[in-house]
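As stored in coords39.cif (mmCIF, C-alpha atoms):
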data_entry
#
loop_
_atom_site.label_atom_id
_atom_site.label_comp_id
_atom_site.auth_asym_id
_atom_site.auth_seq_id
_atom_site.Cartn_x
_atom_site.Cartn_y
_atom_site.Cartn_z
CA MET A 1 -0.25 -27.58 20.66
CA ALA A 2 -3.77 -27.80 22.05
CA VAL A 3 -5.04 -24.77 23.95
CA ASN A 4 -7.23 -25.28 26.99
CA GLY A 5 -9.95 -22.66 27.36
CA PRO A 6 -10.47 -19.64 25.14
CA LEU A 7 -7.66 -18.48 22.88
CA LYS A 8 -5.81 -15.67 24.69
CA VAL A 9 -5.63 -12.46 22.63
CA ALA A 10 -3.37 -9.44 23.09
CA ILE A 11 -4.27 -6.14 21.42
CA ILE A 12 -1.04 -4.60 20.16
CA GLY A 13 -1.35 -0.91 19.30
CA LEU A 14 -4.19 1.47 20.17
CA GLY A 15 -3.40 4.42 17.91
CA HIS A 16 -5.75 3.09 15.25
CA LEU A 17 -9.43 3.48 14.44
CA HIS A 18 -10.27 -0.18 15.04
CA PRO A 19 -8.96 -1.68 18.34
CA ARG A 20 -11.84 -0.41 20.46
CA SER A 21 -14.43 -1.63 17.97
CA TYR A 22 -12.78 -5.07 17.83
CA MET A 23 -13.47 -5.64 21.51
CA PRO A 24 -17.17 -6.56 20.97
CA LEU A 25 -16.07 -9.00 18.26
CA PHE A 26 -13.69 -10.86 20.56
CA GLU A 27 -16.37 -10.85 23.25
CA ALA A 28 -18.94 -12.27 20.82
CA VAL A 29 -16.65 -15.15 19.79
CA GLN A 30 -16.67 -17.45 22.79
CA ASP A 31 -13.39 -19.06 21.79
CA THR A 32 -11.42 -15.82 22.22
CA GLU A 33 -10.57 -13.72 25.28
CA VAL A 34 -8.60 -10.48 25.28
CA VAL A 35 -6.09 -10.68 28.14
CA ALA A 36 -3.70 -7.76 27.62
CA VAL A 37 -2.93 -4.57 25.70
CA VAL A 38 0.31 -3.10 24.36
CA GLU A 39 0.61 0.64 23.69
CA THR A 40 3.55 3.03 24.11
CA ASP A 41 1.32 6.06 24.75
CA THR A 42 0.71 5.98 28.50
CA ALA A 43 -2.52 8.01 28.54
CA MET A 44 -4.03 6.04 25.68
CA ARG A 45 -3.05 2.73 27.27
CA GLU A 46 -4.35 3.60 30.73
CA THR A 47 -7.69 4.82 29.39
CA PHE A 48 -8.25 1.68 27.32
CA CYS A 49 -7.17 -0.63 30.14
CA ALA A 50 -9.50 1.12 32.58
CA ASP A 51 -12.41 0.91 30.16
CA PHE A 52 -11.96 -2.84 29.59
CA ALA A 53 -10.34 -3.93 32.88
CA LEU A 54 -7.17 -5.20 31.18
CA PRO A 55 -3.48 -5.14 32.08
CA GLY A 56 -1.37 -2.91 29.85
CA PHE A 57 2.24 -2.99 28.67
CA ALA A 58 4.42 -0.37 27.00
CA THR A 59 6.22 -2.82 24.69
CA VAL A 60 5.70 -6.16 23.01
CA ASP A 61 8.74 -7.59 24.83
CA ALA A 62 7.27 -6.60 28.21
CA LEU A 63 4.04 -8.38 27.30
CA LEU A 64 5.77 -11.55 26.11
CA ASP A 65 7.94 -11.72 29.24
CA ILE A 66 4.77 -12.23 31.31
CA HIS A 67 2.01 -13.58 29.06
CA LYS A 68 1.80 -16.63 26.81
CA ILE A 69 -0.67 -15.43 24.21
CA ASP A 70 -2.36 -17.41 21.45
CA ILE A 71 -3.27 -14.51 19.12
CA ALA A 72 -1.53 -11.20 18.60
CA ALA A 73 -4.06 -8.73 17.17
CA ILE A 74 -1.77 -6.06 15.71
CA PHE A 75 -3.05 -2.52 15.05
CA LEU A 76 0.23 -0.62 14.90
CA PRO A 77 1.24 1.94 12.28
CA HIS A 78 1.78 -0.14 9.16
CA ALA A 79 5.55 0.43 9.13
CA ASP A 80 5.80 -1.02 12.68
CA CYS A 81 3.75 -4.17 12.09
CA PRO A 82 6.51 -6.46 10.73
CA ALA A 83 8.83 -6.17 13.74
CA ALA A 84 5.99 -6.75 16.22
CA ALA A 85 4.66 -9.67 14.17
CA GLU A 86 8.09 -11.29 14.04
CA ALA A 87 8.48 -11.06 17.82
CA CYS A 88 5.02 -12.48 18.48
CA ALA A 89 5.43 -15.29 15.93
CA LYS A 90 8.75 -16.26 17.51
CA ALA A 91 6.90 -16.52 20.84
CA GLY A 92 4.37 -18.89 19.25
CA ALA A 93 1.46 -16.47 18.81
CA HIS A 94 -0.78 -16.63 15.77
CA LEU A 95 -1.00 -13.31 13.96
CA MET A 96 -4.09 -11.23 13.21
CA VAL A 97 -2.49 -8.24 11.49
CA GLU A 98 -4.75 -5.38 10.50
CA LYS A 99 -4.67 -4.81 6.75
CA PRO A 100 -2.68 -3.94 4.75
CA MET A 101 -0.15 -5.63 7.12
CA ALA A 102 2.80 -3.32 6.39
CA SER A 103 3.88 -0.12 4.68
CA ASP A 104 5.28 -2.02 1.70
CA VAL A 105 5.40 -5.46 0.09
CA ALA A 106 8.73 -6.26 1.71
CA GLY A 107 7.25 -5.75 5.17
CA ALA A 108 4.26 -7.95 4.46
CA ALA A 109 6.57 -10.64 3.09
CA ARG A 110 8.59 -10.46 6.32
CA ILE A 111 5.43 -11.25 8.30
CA ALA A 112 4.53 -14.17 6.04
CA ALA A 113 8.06 -15.58 6.31
CA ALA A 114 8.19 -15.20 10.10
CA ALA A 115 4.87 -17.02 10.48
CA GLN A 116 6.04 -19.84 8.23
CA VAL A 117 9.28 -20.30 10.17
CA ALA A 118 7.45 -20.24 13.52
CA GLY A 119 4.66 -22.53 12.33
CA VAL A 120 1.90 -20.09 13.26
CA LYS A 121 -1.08 -18.86 11.28
CA THR A 122 -1.53 -15.35 9.95
CA THR A 123 -4.63 -13.54 8.78
CA THR A 124 -5.41 -9.97 7.78
CA GLY A 125 -8.61 -7.94 7.80
CA TYR A 126 -10.12 -8.54 4.35
CA CYS A 127 -13.35 -9.52 6.03
CA TRP A 128 -15.55 -8.52 3.06
CA ARG A 129 -15.00 -12.04 1.69
CA LEU A 130 -16.99 -13.35 4.66
CA HIS A 131 -20.09 -11.23 4.01
CA PRO A 132 -23.00 -13.50 2.93
CA ALA A 133 -23.65 -11.16 -0.02
CA ALA A 134 -20.05 -11.58 -1.16
CA ARG A 135 -20.37 -15.36 -0.93
CA GLU A 136 -23.54 -15.24 -3.03
CA PHE A 137 -21.79 -12.87 -5.47
CA LYS A 138 -19.00 -15.42 -5.94
CA ARG A 139 -21.47 -18.30 -6.27
CA LEU A 140 -23.27 -16.47 -9.07
CA ILE A 141 -19.99 -15.84 -10.91
CA ASP A 142 -18.84 -19.44 -10.45
CA SER A 143 -22.22 -20.75 -11.67
CA GLY A 144 -21.50 -19.39 -15.14
CA ILE A 145 -24.62 -17.22 -15.50
CA LEU A 146 -22.45 -14.22 -16.42
CA GLY A 147 -20.67 -16.03 -19.23
CA GLN A 148 -17.10 -14.95 -19.91
CA ILE A 149 -16.13 -12.23 -17.44
CA VAL A 150 -15.21 -9.05 -19.29
CA ALA A 151 -15.12 -6.17 -16.81
CA ALA A 152 -15.51 -5.23 -13.15
CA GLU A 153 -15.94 -2.01 -11.21
CA GLY A 154 -15.24 -1.12 -7.60
CA ARG A 155 -15.84 2.12 -5.71
CA CYS A 156 -14.78 2.71 -2.12
CA ALA A 157 -14.96 6.24 -0.78
CA ALA A 158 -14.84 6.33 3.00
CA GLY A 159 -14.64 9.34 5.23
CA ARG A 160 -12.26 12.28 5.04
CA LEU A 161 -8.69 12.84 6.18
CA ALA A 162 -9.98 14.43 9.38
CA ARG A 163 -11.31 11.12 10.68
CA TYR A 164 -7.74 9.91 11.25
CA ILE A 165 -6.88 13.03 13.19
CA ASP A 166 -10.07 12.80 15.24
CA GLY A 167 -9.57 9.06 15.74
CA GLY A 168 -6.09 9.36 17.22
CA SER A 169 -4.23 7.91 14.23
CA PRO A 170 -2.61 10.85 12.40
CA TRP A 171 0.17 8.52 11.23
CA MET A 172 -2.29 7.27 8.59
CA LEU A 173 -1.66 10.54 6.74
CA GLN A 174 2.14 10.08 6.76
CA LYS A 175 3.31 7.97 3.84
CA ALA A 176 6.45 6.75 5.61
CA ARG A 177 4.37 5.18 8.39
CA SER A 178 1.20 4.18 6.54
CA GLY A 179 2.55 3.36 3.09
CA GLY A 180 0.13 5.60 1.22
CA GLY A 181 -3.34 7.05 0.98
CA PRO A 182 -6.76 5.60 0.18
CA MET A 183 -5.57 3.01 -2.35
CA PHE A 184 -3.15 1.66 0.24
CA ASN A 185 -5.65 1.65 3.09
CA LEU A 186 -9.02 1.13 1.37
CA GLY A 187 -8.32 -0.01 -2.17
CA VAL A 188 -6.71 -3.18 -0.87
CA HIS A 189 -10.18 -4.34 0.22
CA TRP A 190 -11.55 -4.31 -3.31
CA ILE A 191 -8.30 -5.60 -4.84
CA ASP A 192 -8.56 -8.60 -2.54
CA MET A 193 -12.29 -8.97 -3.24
CA PHE A 194 -11.84 -9.06 -7.02
CA ARG A 195 -8.92 -11.51 -6.73
CA TRP A 196 -11.18 -13.76 -4.68
CA LEU A 197 -14.38 -13.26 -6.72
CA LEU A 198 -12.65 -13.94 -10.03
CA SER A 199 -10.24 -16.57 -8.67
CA GLU A 200 -7.28 -15.03 -10.49
CA ASP A 201 -4.43 -12.62 -10.00
CA VAL A 202 -3.83 -9.12 -11.32
CA VAL A 203 -1.02 -9.07 -13.88
CA GLU A 204 -0.91 -5.43 -15.04
CA VAL A 205 -2.16 -2.06 -13.78
CA SER A 206 -2.46 1.59 -14.66
CA GLY A 207 -3.27 4.37 -12.22
CA ARG A 208 -3.53 8.05 -11.40
CA ASN A 209 -3.53 9.76 -8.01
CA VAL A 210 -5.21 13.05 -7.21
CA LYS A 211 -3.89 15.15 -4.32
CA ILE A 212 -6.13 17.90 -2.94
CA ASN A 213 -4.76 18.36 0.58
CA THR A 214 -1.65 20.49 1.14
CA GLU A 215 -0.83 19.31 4.67
CA TYR A 216 0.12 15.67 4.08
CA ASP A 217 2.14 13.59 1.62
CA ILE A 218 -0.60 11.13 0.66
CA GLU A 219 -3.16 11.34 -2.12
CA ASP A 220 -6.86 12.02 -1.50
CA ASN A 221 -8.14 10.02 -4.47
CA SER A 222 -6.69 7.12 -6.42
CA LEU A 223 -8.03 5.60 -9.62
CA ALA A 224 -6.74 2.48 -11.32
CA HIS A 225 -7.36 -0.16 -13.95
CA LEU A 226 -6.39 -3.75 -13.17
CA ARG A 227 -5.88 -6.38 -15.86
CA PHE A 228 -6.37 -9.94 -14.65
CA ALA A 229 -4.69 -13.02 -16.10
CA SER A 230 -7.75 -13.88 -18.22
CA GLY A 231 -7.93 -10.37 -19.67
CA THR A 232 -10.72 -9.07 -17.44
CA ILE A 233 -10.32 -5.34 -16.69
CA ALA A 234 -11.42 -3.91 -13.32
CA ALA A 235 -11.78 -0.17 -12.69
CA LEU A 236 -11.20 1.12 -9.15
CA ASP A 237 -12.25 4.51 -7.73
CA ILE A 238 -10.86 4.84 -4.20
CA SER A 239 -11.14 8.01 -2.16
CA TYR A 240 -11.00 9.91 1.11
CA THR A 241 -13.37 12.58 -0.24
CA VAL A 242 -16.87 11.17 0.20
CA PRO A 243 -19.38 13.91 1.19
CA ASP A 244 -20.36 13.99 4.85
CA SER A 245 -24.00 13.70 3.79
CA PHE A 246 -23.45 10.24 2.26
CA PRO A 247 -25.10 7.44 4.35
CA HIS A 248 -22.66 6.19 6.98
CA GLY A 249 -19.97 8.33 5.31
CA ARG A 250 -19.19 5.59 2.77
CA ASP A 251 -19.85 5.17 -0.94
CA LEU A 252 -19.35 1.48 -1.70
CA TYR A 253 -20.02 -0.41 -4.93
CA LEU A 254 -18.97 -3.62 -6.67
CA SER A 255 -19.98 -4.91 -10.09
CA VAL A 256 -18.87 -7.71 -12.42
CA ARG A 257 -20.00 -7.93 -16.06
CA GLY A 258 -19.77 -10.90 -18.39
CA THR A 259 -20.91 -11.73 -21.91
CA THR A 260 -24.30 -12.95 -20.67
CA GLY A 261 -24.93 -11.13 -17.39
CA VAL A 262 -24.09 -8.58 -14.72
CA VAL A 263 -24.04 -8.71 -10.90
CA SER A 264 -23.90 -5.50 -8.87
CA TRP A 265 -23.85 -4.77 -5.14
CA ALA A 266 -23.84 -1.51 -3.18
CA PRO A 267 -22.92 -2.81 0.31
CA ALA A 268 -25.06 -1.45 3.12
CA TYR A 269 -22.07 -1.79 5.51
CA GLU A 270 -23.85 -0.74 8.70
CA GLY A 271 -27.33 -1.54 7.38
CA ALA A 272 -29.17 -4.78 8.03
CA LYS A 273 -30.14 -5.58 4.43
CA ASP A 274 -27.93 -6.04 1.38
CA VAL A 275 -29.23 -6.47 -2.16
CA LEU A 276 -27.50 -8.15 -5.08
CA VAL A 277 -28.96 -7.16 -8.46
CA VAL A 278 -28.50 -9.75 -11.21
CA CYS A 279 -29.31 -9.47 -14.92
CA SER A 280 -28.61 -12.48 -17.11
CA ASP A 281 -29.44 -13.96 -20.51
CA HIS A 282 -28.56 -17.41 -19.18
CA PRO A 283 -31.25 -20.08 -19.82
CA SER A 284 -31.72 -20.56 -16.08
CA PHE A 285 -32.95 -16.94 -15.91
CA ALA A 286 -35.53 -17.41 -18.68
CA GLY A 287 -38.74 -15.53 -17.90
CA ALA A 288 -37.10 -13.40 -15.21
CA PRO A 289 -33.81 -12.02 -16.56
CA ARG A 290 -33.52 -9.41 -13.80
CA ARG A 291 -33.56 -10.61 -10.21
CA SER A 292 -32.70 -9.23 -6.79
CA PHE A 293 -31.26 -11.29 -3.97
CA GLU A 294 -31.89 -9.77 -0.55
CA ILE A 295 -29.64 -10.75 2.32
CA GLU A 296 -30.53 -9.70 5.86
CA LEU A 297 -27.90 -9.74 8.58
CA GLU A 298 -28.43 -9.92 12.31
CA PRO A 299 -27.33 -6.71 14.05
CA THR A 300 -23.83 -7.26 15.42
CA ASP A 301 -21.78 -4.86 17.53
CA GLY A 302 -18.19 -4.13 16.63
CA TYR A 303 -16.04 -3.39 13.61
CA SER A 304 -17.81 -4.39 10.38
CA GLY A 305 -20.60 -6.03 12.37
CA PHE A 306 -21.56 -9.53 11.26
CA MET A 307 -18.63 -10.02 8.89
CA GLY A 308 -16.19 -8.74 11.51
CA ARG A 309 -17.41 -11.39 13.92
CA GLU A 310 -17.18 -14.02 11.17
CA TYR A 311 -13.58 -12.95 10.54
CA VAL A 312 -12.58 -13.47 14.18
CA GLN A 313 -14.53 -16.73 14.41
CA ALA A 314 -12.98 -18.10 11.22
CA PHE A 315 -9.46 -17.43 12.47
CA ALA A 316 -10.19 -19.04 15.83
CA ASP A 317 -11.64 -22.07 14.02
CA ALA A 318 -8.57 -22.31 11.77
CA ILE A 319 -6.27 -22.30 14.80
CA ARG A 320 -8.31 -24.99 16.55
CA SER A 321 -8.64 -27.21 13.48
CA GLY A 322 -5.15 -26.73 12.10
CA THR A 323 -6.59 -25.69 8.72
CA ALA A 324 -5.79 -22.62 6.63
CA ALA A 325 -7.41 -19.31 7.53
CA PRO A 326 -9.85 -17.97 4.90
CA ILE A 327 -7.61 -14.93 4.41
CA THR A 328 -3.87 -15.56 4.60
CA ALA A 329 -0.63 -13.59 4.76
CA GLU A 330 -0.09 -14.49 1.12
CA ASP A 331 -3.37 -12.72 0.27
CA GLY A 332 -2.04 -9.65 2.08
CA VAL A 333 1.22 -9.73 0.13
CA ALA A 334 -0.64 -10.14 -3.18
CA ALA A 335 -2.86 -7.11 -2.54
CA LEU A 336 0.10 -4.90 -1.67
CA LYS A 337 1.97 -5.97 -4.80
CA VAL A 338 -0.95 -4.59 -6.82
CA VAL A 339 -1.02 -1.33 -4.84
CA GLU A 340 2.70 -0.74 -5.26
CA ALA A 341 2.33 -1.34 -8.99
CA ILE A 342 -0.55 1.17 -9.12
CA TYR A 343 1.60 3.81 -7.42
CA ALA A 344 4.45 3.09 -9.84
CA ALA A 345 2.03 3.36 -12.74
CA ALA A 346 0.69 6.68 -11.45
CA GLU A 347 4.20 8.07 -11.09
CA GLY A 348 5.34 6.90 -14.52
CA LYS A 349 2.00 7.50 -16.29
CA ARG A 350 2.16 4.05 -17.85
CA TRP A 351 0.90 0.50 -17.46
CA VAL A 352 3.01 -1.54 -15.02
CA ASP A 353 3.51 -5.30 -14.87
CA VAL A 354 2.70 -6.40 -11.29
CA ALA A 355 5.50 -8.98 -11.44
CA GLU A 356 8.05 -6.16 -11.77
#
Starting from the file, give its structure as C-alpha cells.
Amino acid sequence: MAVNGPLKVAIIGLGHLHPRSYMPLFEAVQDTEVVAVVETDTAMRETFCADFALPGFATVDALLDIHKIDIAAIFLPHADCPAAAEACAKAGAHLMVEKPMASDVAGAARIAAAAQVAGVKTTTGYCWRLHPAAREFKRLIDSGILGQIVAAEGRCAAGRLARYIDGGSPWMLQKARSGGGPMFNLGVHWIDMFRWLLSEDVVEVSGRNVKINTEYDIEDNSLAHLRFASGTIAALDISYTVPDSFPHGRDLYLSVRGTTGVVSWAPAYEGAKDVLVVCSDHPSFAGAPRRSFEIELEPTDGYSGFMGREYVQAFADAIRSGTAAPITAEDGVAALKVVEAIYAAAEGKRWVDVAE
C-alpha cells in the first residue's frame, strides 16, 4: 500500500544506548518522521517525549490503538523484541529491530516468520555493510586480487560494562534478557560482515569465553574461530575490556588474507577518514604491490554517523520500492546461529557444527 508523505516511525523502547542517537538519523532522512514513542518507564518516557516533542505510550498496544505507523524501530531488551515485533507486524508496520534482534535464535526466527506472514519488511542494525570502506573491501575481494581466500581476522573491543549501567540499559549485563555478552552484542557485527564480505556461511566454530567481572552472568571477552563453507578460517576477538585511553573507546579491525594478497581496515568509526591497506601479487598491482585507499566521509550526526543514515535511508527506499532491504531478518537469524554455536563450543571445549 502506498504511503503518502514521510514514513511514520515509532520508537519502541528507550532503555537502550541507541534510541536518542537514532533521532538525528530519522531527521536526516527526509522520507522518515518519528511520530511516537513507547516506553514503560514513566520518567524515561516523559523526558524523551519532552526533549523531542513527541507523544508517548506505555505499551505497544496503546500505541497501535491510536497510531497507524509505517516503521516500528524496536530498541527493547533483546528477550522482549519478538513479542513487540509480532504485534507491530500484525498491524502492518515494517520492522527495524536493533541487532541482534532477540536473545536467541528462536526469537529472531519468530520475528522473521511474523514479518513473512504479515507481508512486511524487516531489517536489523548491521550497518557496517553500508560503510563505503566496507563496500570497497568487498569489491577488492570479489575482484580476485587476493586469490583464494585463506584466513580472516576481526577485532571489536568496545567500551566497558559500566557504559550499560551509565546508559540506562543494565539489562544488557543480564544473560536472560540480553542473550549474552560481547560476542552476542558486538561479535554479531563482524560475523555478519565476514558472511557478507566472503559471500558464504559459517559451517563450524570453536570458542572460549573469559569472565572477569563477578557481578553479572555474562562474559567480558569472547574469542572464536569460524570455518566457512570454502574452508576459510576467521579469528574473532570480541571484548568489553578496551582501555579507556583507546580512541573513541573502541578497538576495531578487519582483515582478509588470500594466496596472493591481503586487505586490512581499522575503522575510524567516529573519524572522517578511513584507510584500506592492500598488498597484492596480482598482475594488476605490478609496480605498486602495496596501496592505500583513503575514504573520507561527510560528518553526520547520530548513531554510526554516515553509515547509520545510509541504513535508515536504505530501509526507507526498500519500503517505497518494494525491494529487499540490504540487511534482512534472515541475516539476523544467521548471525545468531553462529553466536549460539560459539557459546556451545566454549561450554563444551570443542568445535561445533553451526547446523546443530
### Query
Which residues match the PyMOL selection byres ((chain A and resi 234-247) around 9) in the file above, as a ChimeraX atom specification?
/A:150-161,181-183,186-187,190-191,194,219-228,232-233,248-251,256,268
### Message
Let me make sure I understand: among A:Ala58, A:Met96, A:Ile69, A:Ala134, which one has the smallest atom-to-atom distance to Pro19 (chain A) if we use all atoms listed in the file?
### Response
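Distance minimum relative to Pro19 (chain A) lands on A:Met96.
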### Query
How many Å lie between CA of Cys81 (chain A) and CA of Leu63 (chain A), rounded to one decimal?
15.8 Å
### Point-to-point distance from CA of Ala79 (chain A) to CA of Glu310 (chain A), Å rounded to tenths
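Straight-line distance from CA of Ala79 (chain A) to CA of Glu310 (chain A) works out to 27.0 Å.
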### Closest of A:Ala50, A:Ala346, A:Val338, A:Val117 to Ser206 (chain A) - atom-to-atom distances counting only C-alpha atoms
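Smallest distance to Ser206 (chain A) is found for A:Ala346.
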### Task
Rank A:Asp31, A:Asp274, A:Glu39, A:Asp104 by their smallest atom-to-atom distance to Tyr343 (chain A), using only C-alpha atoms, and report the top residue only.
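Among the listed residues, the smallest separation from Tyr343 (chain A) belongs to A:Asp104.
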#### Entry: Contacts of Ala85 (chain A) at 9 Å (all atoms listed in the file; same-chain gap of 4+ positions) as a PyMOL selection string
chain A and resi 72+74+80-81+89-90+93-97+110-111+114-115
Go through the shown structure with the PyMOL selection byres ((chain A and resi 289-293) around 7) and write out the matching residues as a PDB file with C-alpha atoms, in the coordinates of the input.
ATOM      1  CA  VAL A 275     -29.230  -6.470  -2.160  1.00  0.00           C
ATOM      2  CA  LEU A 276     -27.500  -8.150  -5.080  1.00  0.00           C
ATOM      3  CA  VAL A 277     -28.960  -7.160  -8.460  1.00  0.00           C
ATOM      4  CA  VAL A 278     -28.500  -9.750 -11.210  1.00  0.00           C
ATOM      5  CA  CYS A 279     -29.310  -9.470 -14.920  1.00  0.00           C
ATOM      6  CA  SER A 280     -28.610 -12.480 -17.110  1.00  0.00           C
ATOM      7  CA  ASP A 281     -29.440 -13.960 -20.510  1.00  0.00           C
ATOM      8  CA  PHE A 285     -32.950 -16.940 -15.910  1.00  0.00           C
ATOM      9  CA  ALA A 286     -35.530 -17.410 -18.680  1.00  0.00           C
ATOM     10  CA  GLY A 287     -38.740 -15.530 -17.900  1.00  0.00           C
ATOM     11  CA  ALA A 288     -37.100 -13.400 -15.210  1.00  0.00           C
ATOM     12  CA  GLU A 294     -31.890  -9.770  -0.550  1.00  0.00           C
ATOM     13  CA  ILE A 295     -29.640 -10.750   2.320  1.00  0.00           C
TER      14      ILE A 295
END
### Message
I'd like the residues picked by the PyMOL selection byres ((chain A and resi 4-10) around 10) written out as a VMD selection string, using the chain letters and numbers from the file.
### Response
chain A and resid 1 to 3 11 to 13 26 29 to 38 54 to 56 60 63 to 64 67 to 74 93 to 96 316 319 to 320
### Separation of CA of Cys127 (chain A) from CA of Phe48 (chain A) in Å
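These atoms are spaced 24.6 Å apart.
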### Sphere at (-18.7, -16.3, -8.2), radius 10 Å, counting all atoms listed in the file: residues as an NGL selection string
:A and (134-146 or 196-199 or 256 or 263)
### Query
Nearest to Glu98 (chain A) among A:Ile165, A:Ala272, A:Ile327, A:Val210, with distances taken over all atoms listed in the file: which residue is it?
A:Ile327
### Task
Go through A:Asp331, A:Ile66, A:Thr214, A:Leu14 one by one, measure the shortest atom-to-atom distance of each to Cys49 (chain A) using all atoms listed in the file, and give the residue with the smallest value.
A:Leu14
